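Working notes for the structure below.
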Amino acid sequence: MILNPKKKYLQIALNSDLNEARDIIYRLPPSDRILIEAGTPLIKAYGTNAISYLRSYWQDKVGRVSLPYIIADLKTMDRGATEVSIAKSAGASAAVSLGLAPVETINVFIDTCRKEGIDSMVDMMNVPYPVQILRKLKKMPDVVILHRGVDEENFNKNIPIPYIQINKVLSSFKVLISIAGGDTSREAQRAIFNGASIVIVWKEFYQSSAQTGQLAAEFLKEIK
């Protein structure tokens with residue numbers, strides 16, 4: 001695992017375009033606790049070049065502070081080994097598979113991530129009982145993402161951020177927990193309080209602004 005289990009991380013998902021991504025990254029404070037995600041829309045728009053460009057931008061920013069950490073949100077459903085290799089070649093530090101993928105796909109995805117030297121992340125969006133999926137796997141991923149999707153949030157206000165699943169997973173498996181689906185400081189605090197190691201945000205970082213750097217710094221303070 002590349003990530004430090006003793007640290008709490010802010011994952012900034014970039015989903016707009018490469019120009020916005022570059023401007024946002026250049027405004028961020030250089031911190032080894034900031035993880036940069038090449039969001040699925042960005043990868044679909046620009047291909048794996050999005051991963052390479054984000055790595056280059058973040059490398060310019062963090063400099064000597066740390067190595068750039070770039071997550072490729074592939075949402076892999078099949079061809080686990082192939083997609084991991086593609087992400088690795090583009091410069092990814094981690095790749096994401098869906099928990100809804102066939103068990104065989106998740107297994108080969110995790111195994112290939114380990115062979116390639118990048119972190120494996122399994123996104124449990126639309127999986128009501130993540131523990132049931134994890135019990136079927138040969139090896140655990142490095143990170144389990146507990147995720148309320150954007151469309152779920154927008155069109156069904158009754159679907160909560162899955163904080164309740166954090167303890168259920170951690171009581172049975174030694175993994176890091178990432179929470180996605182909330183973007184406020186209060187939601188970030190709640191995620192960390194309940195045992196998450198990574199908080200994913202995107203709304204406030206969809207477009208660059210004069211407040212981008214300050215906002216990221218404030219999030220980092222909230223999730224110590």
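Following the order of the structure tokens, first chain is A, next is B, and so on, with residues numbered from 1 inside each chain and ligands from 1 in the order they appear.
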
TODO: Please provide the set of residues having any atom within 10 Å of A:Tyr129, restricted to only C-alpha atoms, with same-chain residues fewer than 6 positions apart removed, written as a PyMOL selection string.
DONE: chain A and resi 165+168-169

Write the residues you've just listed into a file as a PDB file, in the first residue's frame, and include C-alpha atoms for each of them.
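As written to disk, out05.pdb reads:
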ATOM      1  CA  GLN A 165     -21.185   0.876   6.690  1.00  0.00           C
ATOM      2  CA  LYS A 168     -19.328  -2.820   9.574  1.00  0.00           C
ATOM      3  CA  VAL A 169     -16.420  -3.062   7.142  1.00  0.00           C
TER       4      VAL A 169
END

TODO: From the DSSP assignment of the backbone, select every residue of stretch 42-192 of chain A that is strand (DSSP E or B), and format the answer as a list in words.
DONE: Ile70, Ile71, Ala72, Asp73, Leu74, Lys75, Thr76, Ala94, Ala95, Val96, Ser97, Leu98, Asp119, Ser120, Met121, Val122, Asp123, Val143, Val144, Ile145, Leu146, His147, Leu176, Ile177, Ser178, Ile179 and Ala180 of chain A

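Residues with any atom within 8 Å of A:Gln207, counting only C-alpha atoms and excluding same-chain neighbours fewer than 2 positions away, are Ser16, Glu20, Ala21, Ile24, Glu204, Phe205 and Ser209 of chain A.
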
For A:Lys8, list every protein, DNA or RNA residue within 9 Å, evaluated using only C-alpha atoms, and leave out those in the same chain fewer than 6 positions away; present the list as an mmCIF file with N, CA and C atoms, in the first residue's frame.
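File produced: out06.cif:
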data_model
loop_
_atom_site.group_PDB
_atom_site.id
_atom_site.type_symbol
_atom_site.label_atom_id
_atom_site.label_comp_id
_atom_site.auth_asym_id
_atom_site.auth_seq_id
_atom_site.Cartn_x
_atom_site.Cartn_y
_atom_site.Cartn_z
ATOM 1 N N ARG A 33 -1.138 15.028 1.947
ATOM 2 C CA ARG A 33 -2.446 14.512 2.350
ATOM 3 C C ARG A 33 -3.528 14.847 1.327
ATOM 4 N N ILE A 192 -14.691 11.189 9.065
ATOM 5 C CA ILE A 192 -13.468 10.901 9.814
ATOM 6 C C ILE A 192 -13.801 10.413 11.217
ATOM 7 N N ALA A 196 -13.386 6.806 8.754
ATOM 8 C CA ALA A 196 -12.859 6.899 7.393
ATOM 9 C C ALA A 196 -11.444 7.475 7.401
ATOM 10 N N SER A 197 -10.664 7.094 6.426
ATOM 11 C CA SER A 197 -9.314 7.634 6.268
ATOM 12 C C SER A 197 -9.216 8.629 5.114
ATOM 13 N N ILE A 198 -10.187 8.559 4.197
ATOM 14 C CA ILE A 198 -10.172 9.416 3.011
ATOM 15 C C ILE A 198 -11.554 10.032 2.819
ATOM 16 N N VAL A 199 -11.573 11.328 2.579
ATOM 17 C CA VAL A 199 -12.816 12.033 2.261
ATOM 18 C C VAL A 199 -12.711 12.545 0.828
ATOM 19 N N LEU A 220 -8.407 20.213 4.993
ATOM 20 C CA LEU A 220 -7.292 19.487 5.611
ATOM 21 C C LEU A 220 -7.290 19.662 7.121
ATOM 22 N N ILE A 223 -9.987 17.408 8.830
ATOM 23 C CA ILE A 223 -9.867 15.937 8.785
ATOM 24 C C ILE A 223 -8.532 15.448 9.318
ATOM 25 N N LYS A 224 -7.976 16.150 10.290
ATOM 26 C CA LYS A 224 -6.698 15.713 10.873
ATOM 27 C C LYS A 224 -6.870 14.365 11.566
#

Open item on the list: Just list as an NGL selection string whatever in stretch 18-177 of chain A DSSP marks as alpha helix (DSSP H).
Closed with: :A and (18-27 or 40-46 or 49-62 or 80-90 or 103-116 or 130-134 or 150-155 or 164-170)

- [ ] Have a look at atom CA of A:Glu218 and atom CA of A:Ser185 and let me know their distance in Å, one decimal.
- [x] 8.2 Å

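Put simply, atom CA of A:Asp32 is 28.9 Å away from atom CA of A:Asn107.
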
Give me, as JSON lines, each residue of stretch 29-57 of chain A that comes within 6 Å of stretch 70-89 of chain A, together with its shortest interatomic pair and the distance in Å at one decimal, counting only C-alpha atoms, with rows ordered by chain and rising residue number.
{"residue": "A:Ile36", "atom": "CA", "partner": "A:Ile70", "partner_atom": "CA", "distance": 5.0}
{"residue": "A:Glu37", "atom": "CA", "partner": "A:Ile71", "partner_atom": "CA", "distance": 4.5}
{"residue": "A:Ala38", "atom": "CA", "partner": "A:Ala72", "partner_atom": "CA", "distance": 5.2}
{"residue": "A:Gly39", "atom": "CA", "partner": "A:Asp73", "partner_atom": "CA", "distance": 5.4}
{"residue": "A:Thr40", "atom": "CA", "partner": "A:Asp73", "partner_atom": "CA", "distance": 5.3}

For the selection just defined, write its residues with C-alpha atoms to a file, as an mmCIF file, in the first residue's frame.
data_model
loop_
_atom_site.group_PDB
_atom_site.id
_atom_site.type_symbol
_atom_site.label_atom_id
_atom_site.label_comp_id
_atom_site.auth_asym_id
_atom_site.auth_seq_id
_atom_site.Cartn_x
_atom_site.Cartn_y
_atom_site.Cartn_z
ATOM 1 C CA ILE A 36 -5.859 13.993 -6.910
ATOM 2 C CA GLU A 37 -8.505 11.977 -8.723
ATOM 3 C CA ALA A 38 -8.879 11.798 -12.470
ATOM 4 C CA GLY A 39 -12.662 11.519 -12.379
ATOM 5 C CA THR A 40 -14.543 9.207 -14.702
#

TODO: Please identify all polymer residues within 8 Å of A:Val144, counting only C-alpha atoms, omitting same-chain residues fewer than 6 positions from it, and present them as a list in words.
DONE: Met121, Val122, Asp123, Met124, Val175, Leu176, Ile177 and Ser178 of chain A

- [ ] Considering only C-alpha atoms, state which residue in the set A:Leu98, A:Ser31, A:Val103, A:Tyr46 is at the smallest distance from A:Val65.
- [x] A:Ser31

TODO: Determine, counting only C-alpha atoms, which protein, DNA and RNA residues have an atom within 7 Å of an atom of A:Gly91; residues of the same chain fewer than 4 positions away are not included. Present the result as number ranges by chain.
DONE: A: 51-52, 55, 87

Residue neighbourhood A:Ile118, 8 Å, only C-alpha atoms, exclusion window fewer than 6 positions, as a PDB file with N, CA and C atoms, in the first residue's frame:
ATOM      1  N   MET A   1       0.833  -1.195   0.000  1.00  0.00           N
ATOM      2  CA  MET A   1       0.000   0.000   0.000  1.00  0.00           C
ATOM      3  C   MET A   1       0.872   1.250   0.000  1.00  0.00           C
ATOM      4  N   ILE A   2       0.540   2.192  -0.877  1.00  0.00           N
ATOM      5  CA  ILE A   2       1.290   3.431  -0.951  1.00  0.00           C
ATOM      6  C   ILE A   2       0.820   4.412   0.117  1.00  0.00           C
ATOM      7  N   LYS A  88      -1.748   2.216 -14.856  1.00  0.00           N
ATOM      8  CA  LYS A  88      -0.368   2.271 -14.393  1.00  0.00           C
ATOM      9  C   LYS A  88       0.533   2.920 -15.446  1.00  0.00           C
ATOM     10  N   ALA A  92      -0.865   6.414 -13.014  1.00  0.00           N
ATOM     11  CA  ALA A  92      -1.750   6.367 -11.850  1.00  0.00           C
ATOM     12  C   ALA A  92      -1.053   5.753 -10.642  1.00  0.00           C
ATOM     13  N   SER A  93      -1.414   6.257  -9.466  1.00  0.00           N
ATOM     14  CA  SER A  93      -0.945   5.694  -8.204  1.00  0.00           C
ATOM     15  C   SER A  93      -1.959   4.716  -7.629  1.00  0.00           C
ATOM     16  N   ALA A  94      -3.200   4.805  -8.112  1.00  0.00           N
ATOM     17  CA  ALA A  94      -4.282   3.922  -7.671  1.00  0.00           C
ATOM     18  C   ALA A  94      -5.319   3.840  -8.772  1.00  0.00           C
ATOM     19  N   ALA A  95      -6.074   2.744  -8.778  1.00  0.00           N
ATOM     20  CA  ALA A  95      -7.148   2.565  -9.747  1.00  0.00           C
ATOM     21  C   ALA A  95      -8.395   2.093  -9.010  1.00  0.00           C
TER      22      ALA A  95
END

Set out as a Markdown table a contact list for stretch 187-210 of chain A and stretch 149-164 of chain A with a cut-off of 9 Å, giving each residue of stretch 187-210 of chain A that qualifies its closest atom pair and distance in Å to one decimal, counting only C-alpha atoms, ordered by chain and rising residue number.
| residue | atom | partner | partner_atom | distance |
| --- | --- | --- | --- | --- |
| A:Glu187 | CA | A:Ile161 | CA | 8.7 |
| A:Arg190 | CA | A:Tyr163 | CA | 8.0 |
| A:Ala191 | CA | A:Tyr163 | CA | 6.5 |
| A:Asn194 | CA | A:Tyr163 | CA | 6.9 |
| A:Gly195 | CA | A:Tyr163 | CA | 8.9 |
| A:Ala196 | CA | A:Tyr163 | CA | 8.6 |

Pull N, CA and C atoms from the residues just selected and write them as a PDB file, in the first residue's frame.
ATOM      1  N   GLU A 187     -19.848  17.128   6.801  1.00  0.00           N
ATOM      2  CA  GLU A 187     -19.889  15.747   6.289  1.00  0.00           C
ATOM      3  C   GLU A 187     -18.500  15.127   6.327  1.00  0.00           C
ATOM      4  N   ARG A 190     -17.757  14.184   9.941  1.00  0.00           N
ATOM      5  CA  ARG A 190     -18.517  12.995  10.340  1.00  0.00           C
ATOM      6  C   ARG A 190     -17.889  11.722   9.785  1.00  0.00           C
ATOM      7  N   ALA A 191     -17.409  11.796   8.548  1.00  0.00           N
ATOM      8  CA  ALA A 191     -16.770  10.633   7.935  1.00  0.00           C
ATOM      9  C   ALA A 191     -15.529  10.220   8.727  1.00  0.00           C
ATOM     10  N   ASN A 194     -16.265   8.733  12.159  1.00  0.00           N
ATOM     11  CA  ASN A 194     -16.764   7.358  12.108  1.00  0.00           C
ATOM     12  C   ASN A 194     -15.739   6.350  11.617  1.00  0.00           C
ATOM     13  N   GLY A 195     -14.516   6.816  11.312  1.00  0.00           N
ATOM     14  CA  GLY A 195     -13.452   5.868  11.002  1.00  0.00           C
ATOM     15  C   GLY A 195     -12.908   5.897   9.593  1.00  0.00           C
ATOM     16  N   ALA A 196     -13.386   6.806   8.754  1.00  0.00           N
ATOM     17  CA  ALA A 196     -12.859   6.899   7.393  1.00  0.00           C
ATOM     18  C   ALA A 196     -11.444   7.475   7.401  1.00  0.00           C
TER      19      ALA A 196
END

- [ ] Could you jot down the atom CA of A:Ile34 to atom CA of A:Leu10 separation for me, Å, one decimal place?
- [x]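 Taking atom CA of A:Ile34 as the start and atom CA of A:Leu10 as the end point, the length is 5.0 Å.
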